[in-house]
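Peer 1: This is coords.txt, which holds compact mmCIF, C-alpha atoms:
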```
# COMPACT_ATOMS: atom_id res chain seq x y z
CA ASN A 1 -32.01 19.68 9.27
CA LYS A 2 -28.46 18.54 9.86
CA MET A 3 -28.42 19.19 13.61
CA ASN A 4 -27.10 16.34 15.76
CA LYS A 5 -25.99 14.08 12.91
CA LEU A 6 -23.15 11.77 13.91
CA LYS A 7 -21.00 13.27 11.12
CA ILE A 8 -21.34 16.75 12.69
CA ILE A 9 -20.58 15.33 16.13
CA ARG A 10 -17.45 13.61 14.79
CA GLU A 11 -16.30 16.72 12.92
CA PHE A 12 -16.75 18.76 16.09
CA LEU A 13 -14.67 16.30 18.11
CA ASP A 14 -11.96 16.19 15.41
CA GLN A 15 -11.15 19.85 16.02
CA LYS A 16 -8.24 20.73 18.29
CA ASN A 17 -8.96 24.34 19.29
CA ILE A 18 -12.27 24.71 21.09
CA ALA A 19 -13.68 27.50 23.23
CA VAL A 20 -15.79 26.68 26.28
CA ALA A 21 -18.36 29.33 27.20
CA GLY A 22 -19.85 28.97 30.64
CA VAL A 23 -16.82 28.20 32.79
CA SER A 24 -17.37 29.53 36.28
CA ARG A 25 -15.77 30.29 39.63
CA THR A 26 -18.17 27.74 41.11
CA LYS A 27 -16.06 24.56 41.12
CA HIS A 28 -18.86 22.01 40.62
CA LYS A 29 -20.51 23.77 37.66
CA PHE A 30 -20.78 21.57 34.60
CA GLY A 31 -18.95 24.03 32.33
CA ASN A 32 -15.89 23.48 34.53
CA THR A 33 -16.22 19.69 34.35
CA ILE A 34 -16.45 19.85 30.55
CA PHE A 35 -13.37 22.07 30.42
CA ARG A 36 -11.28 19.81 32.67
CA GLU A 37 -12.39 16.57 30.96
CA LEU A 38 -11.77 17.85 27.42
CA GLN A 39 -8.40 19.23 28.50
CA LYS A 40 -7.43 15.76 29.80
CA LYS A 41 -8.39 14.39 26.37
CA GLY A 42 -5.85 16.67 24.69
CA TYR A 43 -7.93 19.56 23.33
CA ASN A 44 -6.58 23.11 23.28
CA LEU A 45 -9.27 24.92 25.19
CA TYR A 46 -10.13 28.60 25.46
CA PRO A 47 -12.31 29.52 28.44
CA VAL A 48 -14.90 32.27 27.90
CA ASN A 49 -16.42 34.22 30.79
CA PRO A 50 -16.82 38.04 30.86
CA ASN A 51 -16.22 38.13 34.63
CA MET A 52 -12.96 36.18 34.93
CA ASP A 53 -9.37 36.92 33.96
CA GLU A 54 -8.17 33.35 34.11
CA PHE A 55 -9.52 29.85 34.51
CA GLU A 56 -7.49 26.73 35.40
CA GLY A 57 -4.32 28.75 34.77
CA LYS A 58 -5.37 29.84 31.27
CA LYS A 59 -6.27 33.32 30.06
CA CYS A 60 -10.04 33.67 30.16
CA PHE A 61 -11.59 35.50 27.21
CA LYS A 62 -14.22 38.15 27.94
CA ASN A 63 -16.19 37.41 24.77
CA ILE A 64 -16.13 35.32 21.61
CA ALA A 65 -14.89 38.20 19.46
CA SER A 66 -11.59 38.26 21.40
CA LEU A 67 -10.84 34.56 20.80
CA PRO A 68 -7.80 33.78 18.64
CA ALA A 69 -8.40 32.87 14.99
CA GLU A 70 -7.42 29.20 15.43
CA VAL A 71 -10.57 28.52 17.49
CA THR A 72 -12.93 26.64 15.15
CA GLY A 73 -15.53 25.38 17.61
CA ILE A 74 -17.29 26.35 20.80
CA VAL A 75 -19.08 24.41 23.52
CA ILE A 76 -21.80 26.58 25.04
CA ASN A 77 -22.88 25.78 28.57
CA THR A 78 -24.89 28.84 29.60
CA LYS A 79 -28.53 29.62 30.36
CA PRO A 80 -30.74 29.77 27.24
CA ALA A 81 -31.19 33.53 27.70
CA VAL A 82 -27.43 33.97 27.09
CA THR A 83 -26.96 31.18 24.54
CA GLY A 84 -28.74 32.95 21.67
CA SER A 85 -26.39 35.93 21.73
CA LEU A 86 -23.33 33.65 22.04
CA ILE A 87 -24.40 31.79 18.89
CA LYS A 88 -24.67 35.12 17.04
CA GLU A 89 -21.23 36.17 18.33
CA ALA A 90 -19.73 32.84 17.23
CA GLU A 91 -21.26 33.17 13.77
CA ALA A 92 -19.95 36.74 13.46
CA LYS A 93 -16.49 35.47 14.43
CA GLY A 94 -16.69 32.77 11.74
CA ILE A 95 -16.97 29.86 14.19
CA GLN A 96 -19.19 27.34 12.39
CA ASN A 97 -19.10 24.45 14.85
CA ILE A 98 -21.25 24.92 17.92
CA TRP A 99 -22.07 22.41 20.63
CA LEU A 100 -25.04 23.45 22.76
CA GLN A 101 -24.62 21.44 25.93
CA GLN A 102 -27.79 20.00 27.53
CA GLY A 103 -29.77 22.77 29.23
CA SER A 104 -28.10 25.61 27.31
CA ALA A 105 -30.79 25.86 24.63
CA ASP A 106 -34.55 25.93 24.77
CA LYS A 107 -37.08 25.67 21.92
CA ILE A 108 -36.77 29.40 21.19
CA VAL A 109 -32.98 29.10 20.74
CA THR A 110 -33.13 25.94 18.60
CA ALA A 111 -36.07 27.12 16.46
CA GLY A 112 -33.89 29.93 15.14
CA LEU A 113 -31.25 27.42 14.05
CA GLU A 114 -33.33 25.05 11.94
CA ASN A 115 -32.10 26.42 8.61
CA SER A 116 -28.77 27.75 9.80
CA ARG A 117 -25.54 27.07 7.88
CA LEU A 118 -23.86 26.40 11.21
CA ASN A 119 -22.91 22.88 12.32
CA ILE A 120 -24.87 22.50 15.52
CA VAL A 121 -25.09 19.78 18.12
CA SER A 122 -27.87 20.47 20.61
CA GLY A 123 -29.07 18.76 23.77
CA LYS A 124 -26.30 16.18 23.83
CA CYS A 125 -23.57 15.86 26.44
CA ILE A 126 -20.14 16.26 24.82
CA LEU A 127 -18.63 13.94 27.43
CA MET A 128 -20.74 11.07 26.05
CA PHE A 129 -19.07 11.42 22.66
CA SER A 130 -15.49 12.62 23.23
CA GLU A 131 -13.21 9.59 23.41
CA PRO A 132 -12.33 7.87 25.63
CA VAL A 133 -15.82 7.71 27.15
CA LYS A 134 -15.61 6.33 30.68
CA GLY A 135 -17.66 5.95 33.84
CA VAL A 136 -21.20 7.24 33.95
CA HIS A 137 -20.95 8.80 30.48
CA GLY A 138 -19.91 5.47 28.98
CA PHE A 139 -22.88 3.79 30.63
CA HIS A 140 -25.27 6.50 29.34
CA ARG A 141 -23.85 6.07 25.86
CA TRP A 142 -24.35 2.30 26.02
CA LEU A 143 -27.97 2.85 27.12
CA MET A 144 -28.60 5.31 24.27
CA LYS A 145 -27.17 2.86 21.73
CA SER A 146 -29.16 0.00 23.25
CA PHE A 147 -32.41 1.91 22.92
CA GLY A 148 -31.76 3.40 19.51
CA LYS A 149 -31.37 6.96 20.78
CA PHE A 150 -27.77 7.40 19.58
CA PRO A 151 -27.44 9.76 16.57
CA ASN A 152 -26.70 8.23 13.18
```
Starting from the file, lay out its structure as structure tokens.

Peer 2:
Amino acid sequence: NKMNKLKIIREFLDQKNIAVAGVSRTKHKFGNTIFRELQKKGYNLYPVNPNMDEFEGKKCFKNIASLPAEVTGIVINTKPAVTGSLIKEAEAKGIQNIWLQQGSADKIVTAGLENSRLNIVSGKCILMFSEPVKGVHGFHRWLMKSFGKFPN
């Protein structure tokens, strides 16, 4: 199983065009924080939410199928009940690189991915890996490394 290997994490973060599923009108939702933080770090982001026309001044895509071809990765920050179908949509679109943010996948979702050809990161916070890592995320990363919980 190649899930969560540091090489896959690095390859994900080396991409430039990434969709973020799970942005929301609710300001403090974590999908929004991820979007804003990754945008500050220079990624070209594509918000996905079926109920919004725009997010942070960008066109919001109703579904994964409508994303432009240059999108090579997606961060999914939705409830597990929705996540499974988003993974299938991403795979159908040819998006191989999928980051399942903490809380977006349960055992049922991840069990179906064990032998997948997709590059999947699951149960990790993208903000602990996307450089520069600052503040609370930097501290969490230091703790993980200190206790041998950082992927290798």

Peer 1: Could you pull the residues within 7 Å of stretch 67-75 of chain A, counting only C-alpha atoms, minus those fewer than 4 positions along the same chain, as a PyMOL selection string?

Peer 2: chain A and resi 12+17-21+61+95-101

Peer 1: What's the 8 Å shell around A:Lys41, counting only C-alpha atoms, without same-chain residues fewer than 6 positions away, as a VMD selection string?

Peer 2: chain A and resid 130 to 132

Peer 1: Those same residues - C-alpha atoms - I'd like them written as a compact mmCIF listing (two decimals), keeping the file's coordinate frame.

Peer 2:
```txt
# COMPACT_ATOMS: atom_id res chain seq x y z
CA SER A 130 -15.49 12.62 23.23
CA GLU A 131 -13.21 9.59 23.41
CA PRO A 132 -12.33 7.87 25.63
```

Peer 1: Please list as a PyMOL selection string every residue within 12 Å of stretch 34-37 of chain A, counting all atoms listed in the file and excluding residues in the same chain fewer than 4 positions away.

Peer 2: chain A and resi 18-24+27-30+41-48+55-58+74-77+99+101-102+125-134+137

Peer 1: Determine the nearest neighbour of A:Ala111 from the options A:Leu13, A:Lys124, A:Ser66, A:Gly84, counting only C-alpha atoms.

Peer 2: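 Checking each of A:Leu13, A:Lys124, A:Ser66, A:Gly84 against A:Ala111, counting only C-alpha atoms, the winner is A:Gly84.
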
Peer 1: Atom CA of A:Lys59 to atom CA of A:Pro80: how many Å, to one decimal?

Peer 2: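 Atom CA of A:Pro80 lies at a distance of 24.9 Å from atom CA of A:Lys59.
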
Peer 1: Go ahead and fit an axis-aligned box to every listed atom of stretch 7-23 of chain A plus 3 Å each side, and pass me the centre and edge lengths in Å, one decimal, as JSON.

Peer 2:
```
{"center_x": -14.8, "center_y": 21.3, "center_z": 22.0, "size_x": 19.1, "size_y": 22.1, "size_z": 27.7}
```

Peer 1: Interatomic distance between atom CA of A:Lys107 and atom CA of A:Asn51?

Peer 2: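 Straight-line distance from atom CA of A:Lys107 to atom CA of A:Asn51 works out to 27.4 Å.
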
Peer 1: Restricting the calculation to only C-alpha atoms, which member of A:Lys7, A:Thr33, A:Asp53, A:Leu118 is positioned closest to A:Ile87?

Peer 2: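 Answer, going by the shortest atom-to-atom distance: A:Leu118.
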